[in-house]
>>> print(open('query_34.txt').read())   # compact mmCIF, C-alpha atoms and all ligand atoms
# COMPACT_ATOMS: atom_id res chain seq x y z
CA GLU A 1 -1.50 -11.78 10.77
CA ARG A 2 -4.02 -11.90 7.87
CA LYS A 3 -6.75 -12.66 10.39
CA GLN A 4 -5.73 -9.70 12.52
CA LEU A 5 -5.87 -7.49 9.46
CA TYR A 6 -9.26 -8.86 8.42
CA ARG A 7 -10.69 -7.95 11.83
CA LEU A 8 -10.08 -4.32 10.95
CA ARG A 9 -12.93 -4.39 8.43
CA ARG A 10 -15.30 -3.53 11.24
CA GLU A 11 -13.05 -0.98 12.94
CA PRO A 12 -13.02 2.78 12.33
CA THR A 13 -10.07 4.42 10.56
CA ARG A 14 -9.26 6.42 13.70
CA THR A 15 -5.87 7.86 14.55
CA VAL A 16 -4.25 7.34 17.96
CA ASP A 17 -5.39 10.84 18.94
CA GLY A 18 -8.99 10.07 18.00
CA VAL A 19 -9.50 11.66 14.58
CA ASP A 20 -11.56 9.75 12.01
CA ILE A 21 -10.04 9.58 8.54
CA ARG A 22 -12.29 8.62 5.65
CA LEU A 23 -11.22 5.71 3.45
CA PHE A 24 -13.13 5.52 0.18
CA ALA A 25 -12.62 2.81 -2.40
CA ASN A 26 -11.54 2.96 -6.03
CA ALA A 27 -13.65 0.57 -8.08
CA GLU A 28 -14.46 -0.40 -11.62
CA SER A 29 -16.43 -3.63 -11.26
CA ARG A 30 -19.20 -5.22 -9.23
CA ALA A 31 -16.63 -7.28 -7.36
CA ASP A 32 -14.72 -4.14 -6.32
CA VAL A 33 -17.94 -2.55 -5.06
CA ALA A 34 -18.88 -5.63 -3.04
CA GLU A 35 -15.40 -5.79 -1.54
CA ALA A 36 -15.40 -2.08 -0.72
CA HIS A 37 -18.69 -2.50 1.10
CA ALA A 38 -17.50 -5.55 3.01
CA LEU A 39 -14.31 -3.82 4.14
CA GLY A 40 -16.20 -0.88 5.57
CA ALA A 41 -15.19 1.75 3.00
CA ALA A 42 -16.81 5.13 3.64
CA GLY A 43 -18.08 5.00 0.08
CA ILE A 44 -16.72 4.83 -3.46
CA GLY A 45 -14.26 7.67 -4.03
CA LEU A 46 -13.50 6.87 -7.66
CA TYR A 47 -15.64 4.69 -9.90
CA ARG A 48 -13.84 4.43 -13.24
CA THR A 49 -16.46 4.23 -16.00
CA GLU A 50 -13.98 3.36 -18.79
CA PHE A 51 -14.58 -0.35 -18.13
CA LEU A 52 -18.20 0.02 -19.32
CA PHE A 53 -17.06 1.61 -22.57
CA LEU A 54 -14.18 -0.64 -23.58
CA GLN A 55 -14.24 -3.71 -25.88
CA ARG A 56 -17.24 -2.66 -27.91
CA GLN A 57 -18.33 -1.16 -31.21
CA ALA A 58 -20.34 1.77 -29.84
CA PRO A 59 -20.60 3.52 -26.47
CA PRO A 60 -23.23 2.21 -24.03
CA ASP A 61 -26.50 4.13 -24.24
CA GLU A 62 -28.10 6.05 -21.39
CA GLU A 63 -30.20 3.10 -20.25
CA GLU A 64 -27.26 0.70 -20.01
CA GLN A 65 -25.18 3.27 -18.16
CA PHE A 66 -28.05 4.08 -15.81
CA ARG A 67 -28.42 0.43 -14.80
CA ALA A 68 -24.70 0.09 -14.18
CA TYR A 69 -24.49 3.25 -12.04
CA ARG A 70 -27.69 2.44 -10.15
CA ASP A 71 -26.26 -0.98 -9.27
CA VAL A 72 -23.14 0.65 -7.81
CA VAL A 73 -25.30 3.01 -5.76
CA LEU A 74 -27.52 0.18 -4.50
CA GLY A 75 -24.44 -1.94 -3.75
CA MET A 76 -23.13 0.73 -1.40
CA THR A 77 -26.41 0.94 0.59
CA GLY A 78 -26.51 4.66 1.21
CA ARG A 79 -22.78 5.39 1.35
CA ALA A 80 -21.54 8.06 -1.05
CA VAL A 81 -20.67 6.92 -4.57
CA THR A 82 -18.35 9.08 -6.67
CA ILE A 83 -18.54 8.24 -10.34
CA ARG A 84 -16.02 9.67 -12.76
CA THR A 85 -17.10 10.63 -16.25
CA LEU A 86 -15.35 8.89 -19.11
CA ASP A 87 -11.56 9.21 -19.02
CA LEU A 88 -10.41 7.87 -22.37
CA GLY A 89 -7.94 9.25 -24.88
CA ALA A 90 -6.63 8.38 -28.32
CA ASP A 91 -4.70 5.42 -26.91
CA LYS A 92 -7.92 3.61 -25.94
CA ALA A 93 -10.89 5.40 -27.50
CA ASP A 94 -10.99 3.16 -30.58
CA ARG A 95 -11.73 0.21 -28.31
CA ALA A 96 -14.88 2.06 -27.21
CA GLY A 97 -16.13 2.73 -30.71
CA LEU A 98 -15.21 6.40 -30.33
CA SER A 99 -12.97 7.20 -33.22
CA VAL A 100 -10.27 9.60 -32.13
CA ARG A 101 -7.54 10.27 -34.66
CA ALA A 102 -4.20 8.75 -33.58
CA GLU A 103 -2.18 11.27 -31.60
CA PRO A 104 1.58 11.41 -31.06
CA ASN A 105 1.00 12.34 -27.39
CA PRO A 106 -2.29 10.88 -26.16
CA ALA A 107 -1.50 11.92 -22.57
CA LEU A 108 -1.58 15.51 -23.82
CA GLY A 109 -4.39 14.99 -26.25
CA LEU A 110 -8.14 14.76 -26.63
CA ARG A 111 -8.85 12.80 -23.45
CA GLY A 112 -10.94 12.88 -20.29
CA VAL A 113 -13.37 15.75 -20.01
CA ARG A 114 -12.00 17.19 -23.27
CA LEU A 115 -13.31 14.20 -25.22
CA SER A 116 -16.63 14.23 -23.35
CA LEU A 117 -17.13 17.89 -24.26
CA ALA A 118 -16.03 17.38 -27.87
CA ARG A 119 -18.44 14.60 -28.79
CA ASP A 120 -22.10 15.43 -29.22
CA GLY A 121 -24.27 13.35 -26.97
CA LEU A 122 -21.48 11.57 -25.09
CA LEU A 123 -21.55 13.81 -22.03
CA ASP A 124 -25.34 14.24 -22.04
CA ALA A 125 -26.00 10.49 -22.04
CA GLN A 126 -23.56 9.94 -19.20
CA LEU A 127 -24.91 12.84 -17.15
CA ARG A 128 -28.50 11.71 -17.67
CA ALA A 129 -27.60 8.19 -16.51
CA LEU A 130 -25.78 9.57 -13.47
CA VAL A 131 -28.56 11.95 -12.48
CA ARG A 132 -31.12 9.15 -12.82
CA ALA A 133 -28.95 6.95 -10.58
CA SER A 134 -29.00 9.75 -7.98
CA GLY A 135 -32.62 8.84 -7.34
CA TYR A 136 -31.35 5.63 -5.68
CA GLY A 137 -28.72 7.00 -3.29
CA PRO A 138 -26.02 9.63 -2.92
CA VAL A 139 -24.14 10.10 -6.21
CA ARG A 140 -21.31 12.53 -6.83
CA ILE A 141 -19.92 13.27 -10.30
CA LEU A 142 -16.16 13.58 -10.77
CA LEU A 143 -14.55 15.14 -13.85
CA PRO A 144 -11.19 13.84 -15.10
CA MET A 145 -8.42 15.97 -16.65
CA ILE A 146 -9.88 19.30 -15.63
CA CYS A 147 -7.49 22.01 -16.75
CA ALA A 148 -9.55 25.21 -16.69
CA ARG A 149 -12.64 26.74 -15.11
CA GLU A 150 -14.48 26.86 -18.44
CA GLU A 151 -14.65 23.07 -18.58
CA ILE A 152 -16.35 22.92 -15.20
CA LEU A 153 -18.82 25.63 -16.15
CA ARG A 154 -19.72 23.85 -19.37
CA VAL A 155 -20.33 20.56 -17.56
CA ARG A 156 -22.23 22.33 -14.78
CA ALA A 157 -24.55 23.94 -17.35
CA ALA A 158 -25.13 20.57 -19.04
CA LEU A 159 -25.77 18.95 -15.65
CA ASP A 160 -28.33 21.58 -14.65
CA ARG A 161 -30.09 21.30 -17.99
CA VAL A 162 -30.18 17.50 -17.92
CA ALA A 163 -31.45 17.42 -14.32
CA GLY A 164 -34.23 19.87 -15.24
CA GLU A 165 -35.23 17.75 -18.23
CA LEU A 166 -35.32 14.55 -16.17
CA ARG A 167 -37.47 16.16 -13.49
CA ALA A 168 -39.82 17.47 -16.17
CA GLN A 169 -40.05 13.90 -17.51
CA GLY A 170 -41.13 12.70 -14.08
CA HIS A 171 -37.90 11.09 -12.86
CA GLU A 172 -37.18 11.24 -9.16
CA VAL A 173 -33.65 12.55 -8.87
CA ALA A 174 -31.53 14.07 -6.12
CA GLU A 175 -32.14 17.73 -5.36
CA ARG A 176 -28.49 18.39 -6.07
CA VAL A 177 -25.79 16.13 -7.48
CA PRO A 178 -22.36 17.31 -6.25
CA LEU A 179 -19.86 17.98 -9.03
CA GLY A 180 -16.13 17.62 -8.37
CA ALA A 181 -12.88 18.08 -10.26
CA MET A 182 -9.91 15.78 -10.44
CA ILE A 183 -6.77 17.76 -9.76
CA GLU A 184 -4.25 15.98 -11.95
CA VAL A 185 -3.16 18.68 -14.41
CA PRO A 186 -0.71 21.13 -12.79
CA ALA A 187 -2.55 24.12 -14.29
CA ALA A 188 -5.70 23.10 -12.41
CA ALA A 189 -3.81 23.04 -9.13
CA ILE A 190 -2.25 26.45 -9.77
CA ALA A 191 -5.52 28.02 -10.95
CA LEU A 192 -7.59 26.40 -8.20
CA PRO A 193 -8.42 29.63 -6.31
CA GLY A 194 -10.23 30.80 -9.46
CA PHE A 195 -12.63 27.88 -9.64
CA ILE A 196 -12.87 26.35 -6.20
CA ASP A 197 -16.23 28.07 -5.73
CA ASP A 198 -17.50 26.29 -8.84
CA VAL A 199 -16.92 22.75 -7.54
CA ASP A 200 -18.35 20.81 -4.61
CA PHE A 201 -15.32 18.60 -3.94
CA LEU A 202 -11.83 17.78 -5.20
CA SER A 203 -9.98 14.56 -5.82
CA ILE A 204 -6.25 14.65 -6.46
CA GLY A 205 -5.16 12.18 -9.11
CA THR A 206 -1.55 11.71 -8.18
CA ASN A 207 -0.91 9.17 -10.96
CA ASP A 208 -1.30 11.84 -13.60
CA LEU A 209 -0.30 14.78 -11.42
CA VAL A 210 3.13 13.22 -10.85
CA GLN A 211 3.44 12.45 -14.57
CA TYR A 212 2.62 16.01 -15.63
CA LEU A 213 4.48 17.83 -12.86
CA LEU A 214 7.69 15.88 -13.39
CA ALA A 215 7.33 15.45 -17.16
CA VAL A 216 7.75 11.71 -16.64
CA ASP A 217 5.53 9.35 -18.65
CA ARG A 218 3.77 7.15 -16.07
CA GLY A 219 4.01 4.14 -18.38
CA ASN A 220 7.63 4.46 -19.49
CA GLU A 221 9.68 1.77 -17.80
CA ALA A 222 12.95 3.49 -18.67
CA LEU A 223 11.83 6.29 -16.33
CA SER A 224 10.31 4.23 -13.54
CA ASP A 225 12.94 5.46 -11.07
CA LEU A 226 12.02 9.06 -11.78
CA TYR A 227 8.28 8.43 -11.56
CA SER A 228 7.75 9.01 -7.84
CA PRO A 229 5.53 11.24 -5.72
CA LEU A 230 8.49 11.82 -3.40
CA HIS A 231 9.55 15.04 -5.08
CA PRO A 232 9.39 18.39 -3.27
CA ALA A 233 7.24 19.87 -6.06
CA VAL A 234 4.65 17.11 -5.68
CA LEU A 235 4.47 17.56 -1.91
CA ARG A 236 4.05 21.33 -2.23
CA VAL A 237 1.24 20.98 -4.75
CA LEU A 238 -0.48 18.41 -2.54
CA ARG A 239 -0.17 20.71 0.46
CA TYR A 240 -1.47 23.68 -1.54
CA VAL A 241 -4.53 21.89 -2.92
CA ILE A 242 -5.43 20.28 0.42
CA ARG A 243 -5.15 23.66 2.18
CA LEU A 244 -7.23 25.57 -0.35
CA GLY A 245 -9.91 22.90 -0.27
CA GLN A 246 -10.08 22.98 3.50
CA ARG A 247 -10.22 26.77 3.64
CA ALA A 248 -13.10 26.75 1.16
CA GLY A 249 -14.88 23.99 3.06
CA LYS A 250 -14.63 21.57 0.12
CA PRO A 251 -13.71 17.93 0.77
CA VAL A 252 -10.37 16.89 -0.74
CA ALA A 253 -9.33 13.29 -1.39
CA VAL A 254 -6.29 11.71 -2.98
CA CYS A 255 -7.36 8.93 -5.36
CA GLY A 256 -4.08 8.03 -7.10
CA GLU A 257 -2.09 4.89 -6.27
CA MET A 258 -0.22 6.89 -3.67
CA ALA A 259 -3.27 6.78 -1.38
CA GLY A 260 -3.23 2.97 -1.43
CA ASP A 261 0.34 2.56 -0.22
CA PRO A 262 0.62 2.44 3.58
CA HIS A 263 4.18 3.75 3.27
CA PHE A 264 2.79 7.14 2.17
CA ALA A 265 -0.04 7.39 4.71
CA PRO A 266 1.86 9.34 7.43
CA LEU A 267 3.12 11.80 4.81
CA LEU A 268 -0.38 12.39 3.44
CA LEU A 269 -1.77 12.84 6.95
CA ALA A 270 1.00 15.34 7.73
CA LEU A 271 0.01 17.33 4.63
CA GLY A 272 -3.51 17.61 6.04
CA LEU A 273 -5.32 14.92 4.06
CA CYS A 274 -8.49 13.53 5.69
CA GLU A 275 -9.88 11.47 2.77
CA PHE A 276 -8.15 8.68 0.90
CA SER A 277 -9.54 6.76 -2.05
CA LEU A 278 -7.80 3.50 -2.76
CA HIS A 279 -8.25 0.07 -4.25
CA PRO A 280 -9.92 -2.34 -1.78
CA ALA A 281 -6.86 -4.64 -2.01
CA THR A 282 -4.83 -2.44 0.38
CA LEU A 283 -7.62 -0.69 2.27
CA LEU A 284 -7.12 -2.63 5.48
CA GLU A 285 -3.35 -2.17 5.46
CA VAL A 286 -3.75 1.57 5.07
CA ARG A 287 -6.36 1.53 7.84
CA ARG A 288 -3.95 -0.32 10.11
CA THR A 289 -1.19 2.21 9.49
CA ILE A 290 -3.48 5.20 10.05
CA ARG A 291 -4.74 3.67 13.30
CA ALA A 292 -1.14 3.66 14.52
CA CYS A 293 -0.54 7.31 13.57
CA ASP A 294 -0.68 10.32 15.90
CA LEU A 295 -2.22 12.98 13.69
CA ASP A 296 -1.26 15.93 15.86
CA ALA A 297 2.37 14.84 16.00
CA LEU A 298 2.47 14.24 12.23
CA ARG A 299 0.99 17.63 11.44
CA ALA A 300 3.60 19.23 13.66
CA GLN A 301 6.17 17.60 11.39
CA ALA A 302 4.67 19.06 8.18
CA PRO A 303 7.07 22.04 8.04
CA ALA A 304 10.05 19.71 8.24
CA LEU A 305 8.56 17.59 5.45
CA LEU A 306 8.04 20.62 3.23
CA ARG A 307 11.62 21.77 3.85
CA ALA A 308 12.98 18.48 2.45
CA ARG A 309 15.01 19.35 -0.62
CA ASP A 310 15.25 15.99 -2.34
CA ARG A 311 13.90 12.48 -2.37
CA ALA A 312 16.45 11.22 0.15
CA ALA A 313 15.34 13.84 2.66
CA ILE A 314 11.65 12.98 2.09
CA GLU A 315 12.42 9.29 2.54
CA ALA A 316 14.30 10.08 5.74
CA TRP A 317 11.25 11.98 6.98
CA ILE A 318 9.05 8.96 6.22
CA GLY A 319 11.51 6.68 8.01
CA ALA A 320 11.44 8.89 11.08
CA ASN A 321 7.64 9.26 11.13
CA MET A 322 6.43 5.77 10.24
CA PRO A 323 4.51 4.32 13.19
CA CYS A 324 5.64 0.98 14.73
C1 LIG B 401 -4.87 9.51 -11.32
O1 LIG B 401 -4.49 10.05 -12.37
O2 LIG B 401 -4.24 9.58 -10.24
C2 LIG B 401 -6.12 8.73 -11.28
C3 LIG B 401 -6.64 8.33 -10.15
O3 LIG B 401 -6.71 8.44 -12.46
P1 LIG B 401 -6.20 7.35 -13.52
O4 LIG B 401 -5.15 6.51 -12.83
O5 LIG B 401 -7.42 6.60 -13.91
O6 LIG B 401 -5.63 8.23 -14.60
MG MG B 402 -5.74 10.28 -14.10
>>> encode(input="query_34.txt", output="structure tokens")
Amino acid sequence: ERKQLYRLRREPTRTVDGVDIRLFANAESRADVAEAHALGAAGIGLYRTEFLFLQRQAPPDEEEQFRAYRDVVLGMTGRAVTIRTLDLGADKADRAGLSVRAEPNPALGLRGVRLSLARDGLLDAQLRALVRASGYGPVRILLPMICAREEILRVRAALDRVAGELRAQGHEVAERVPLGAMIEVPAAAIALPGFIDDVDFLSIGTNDLVQYLLAVDRGNEALSDLYSPLHPAVLRVLRYVIRLGQRAGKPVAVCGEMAGDPHFAPLLLALGLCEFSLHPATLLEVRRTIRACDLDALRAQAPALLRARDRAAIEAWIGANMPC
């Protein structure tokens, strides 16, 4: 059984009716990158940079970050590498030497792109390192906790400036480094038509999106029963974001834990998803499930899925549409 699964590392993630789905990997270490490559991931869909920043007195400088990002790019030998800018908040920032005053609600506080924009030099150093790494292979930059168009425009301006400076200094960098937004704050999903033209791609962070949509703390064990993507509101937002992205010709991935659970794969395919980003640990299982799915038949079942009024009805839909 394990052997059978392992054989799939060389097989395409192709549905029964012949459509190729792209499986990207979530990674935060060298080992993850090596595993993603070995399992035939289409690229890295989410490289979490927090790891580089934690357990130290001061943030890593541009040079240290550049080497780390370049190594990820080289490790993926030409496949796309999506690197997320720092996603820390008051709950963890002190461990990165970034003093952020304690906050009663760090999940609603100065975190993600908000912190990057608030601290002089933090964003610039990271962008410079990322743009320099783009000279070694395809790099995409992903912004966490995007809530409003202004944040994207501010980062875009910084990115353009930094890329111009690096070229002027003689660095060979990509002509264009795609900039994408995480959709994990409900306001970003709702306001998406207003800024979709300002981004190159989208990645839906269901871990936080579920937390914020349902007002359920993702880390609160007393609420673990309530913390589930199988809520009609979550499915509608997923459908909405995937649709808008496709209409605008912008790639849309899901990079939350949901994408790494084979149980949810038929549901995500029915909602129109073509790109998953998941931890390498379950990549082959998800590939196996997708290879057993009939995409056309699942998409025909999307209206029924979106009519489900509660979790039991969504679970019944999954039960009825799970292959084999
Ligand atoms: C998410 O929120 O779904 C996500 C992928 O990011 P993180 O789990 O790092 O918050
Ligand atoms: Mg998140």
>>> closest_atom_pairs(input="query_34.txt", of="chain A", to="ligand MG 402 (chain B)", cutoff="8 Å", atoms="all atoms listed in the file", output="Markdown table")
| residue | atom | partner | partner_atom | distance |
| --- | --- | --- | --- | --- |
| A:Asp87 | CA | B:MG402 | MG | 7.7 |
| A:Pro144 | CA | B:MG402 | MG | 6.6 |
| A:Met145 | CA | B:MG402 | MG | 6.8 |
| A:Met182 | CA | B:MG402 | MG | 7.8 |
| A:Glu184 | CA | B:MG402 | MG | 6.3 |
| A:Gly205 | CA | B:MG402 | MG | 5.4 |
| A:Thr206 | CA | B:MG402 | MG | 7.4 |
| A:Asn207 | CA | B:MG402 | MG | 5.9 |
| A:Asp208 | CA | B:MG402 | MG | 4.7 |
| A:Leu209 | CA | B:MG402 | MG | 7.6 |
| A:Gly256 | CA | B:MG402 | MG | 7.5 |
>>> residues_near_ligand(input="query_34.txt", ligand="ligand LIG 401 (chain B)", cutoff="10 Å", atoms="all atoms listed in the file", output="PyMOL selection string")
chain A and resi 26+45-50+84+86-88+107+112+144-145+182-185+203-212+218+254-259+277-278
>>> closest_residue(input="query_34.txt", among="A:Ile314, A:Ala125, A:Ala191, A:Ala174", to="A:Glu150", atoms="only C-alpha atoms")
A:Ala191
>>> closest_residue(input="query_34.txt", among="A:Leu115, A:Ala312, A:Ala27, A:Leu74", to="A:Lys92", atoms="only C-alpha atoms")
A:Leu115
>>> residues_near_point(input="query_34.txt", point="(-5.0, 8.7, -25.6)", cutoff="8 Å", atoms="only C-alpha atoms", output="NGL selection string")
:A and (88-93 or 103 or 105-111)
>>> closest_residue(input="query_34.txt", among="A:Phe195, A:Ser228, A:Gly135, A:Ile141", to="A:Gly170", atoms="only C-alpha atoms")
A:Gly135
>>> residues_around(input="query_34.txt", residues="A:Ile290", least_positions_apart="2", cutoff="7 Å", atoms="only C-alpha atoms", output="JSON, numbers by chain")
{"A": [13, 14, 15, 265, 286, 287, 288, 292, 293]}
>>> residues_around(input="query_34.txt", residues="A:Pro138", least_positions_apart="3", cutoff="12 Å", atoms="only C-alpha atoms", output="number ranges by chain")
A: 43-45, 69-70, 72-83, 130-135, 141, 173-178
>>> atom_distance(input="query_34.txt", atom1="atom CA of A:Ala189", atom2="atom CA of A:Ala253")
13.6 Å
>>> closest_residue(input="query_34.txt", among="A:Gln65, A:Pro280, A:Arg128, A:Glu285", to="A:Arg167", atoms="all atoms listed in the file")
A:Arg128
>>> residues_around(input="query_34.txt", residues="A:Leu143", least_positions_apart="3", cutoff="7 Å", atoms="all atoms listed in the file", output="list in words")
Arg84, Thr85, Val113, Ile146, Gly180, Ala181 and Met182 of chain A
>>> atom_distance(input="query_34.txt", atom1="atom CA of A:Phe276", atom2="atom CA of A:Gly137")
21.1 Å
>>> axis_aligned_box(input="query_34.txt", around="stretch 43-58 of chain A", padding_each_side="6 Å", output="lines of an AutoDock Vina configuration file")
center_x = -16.9
center_y = 2.0
center_z = -15.6
size_x = 18.8
size_y = 23.4
size_z = 43.3
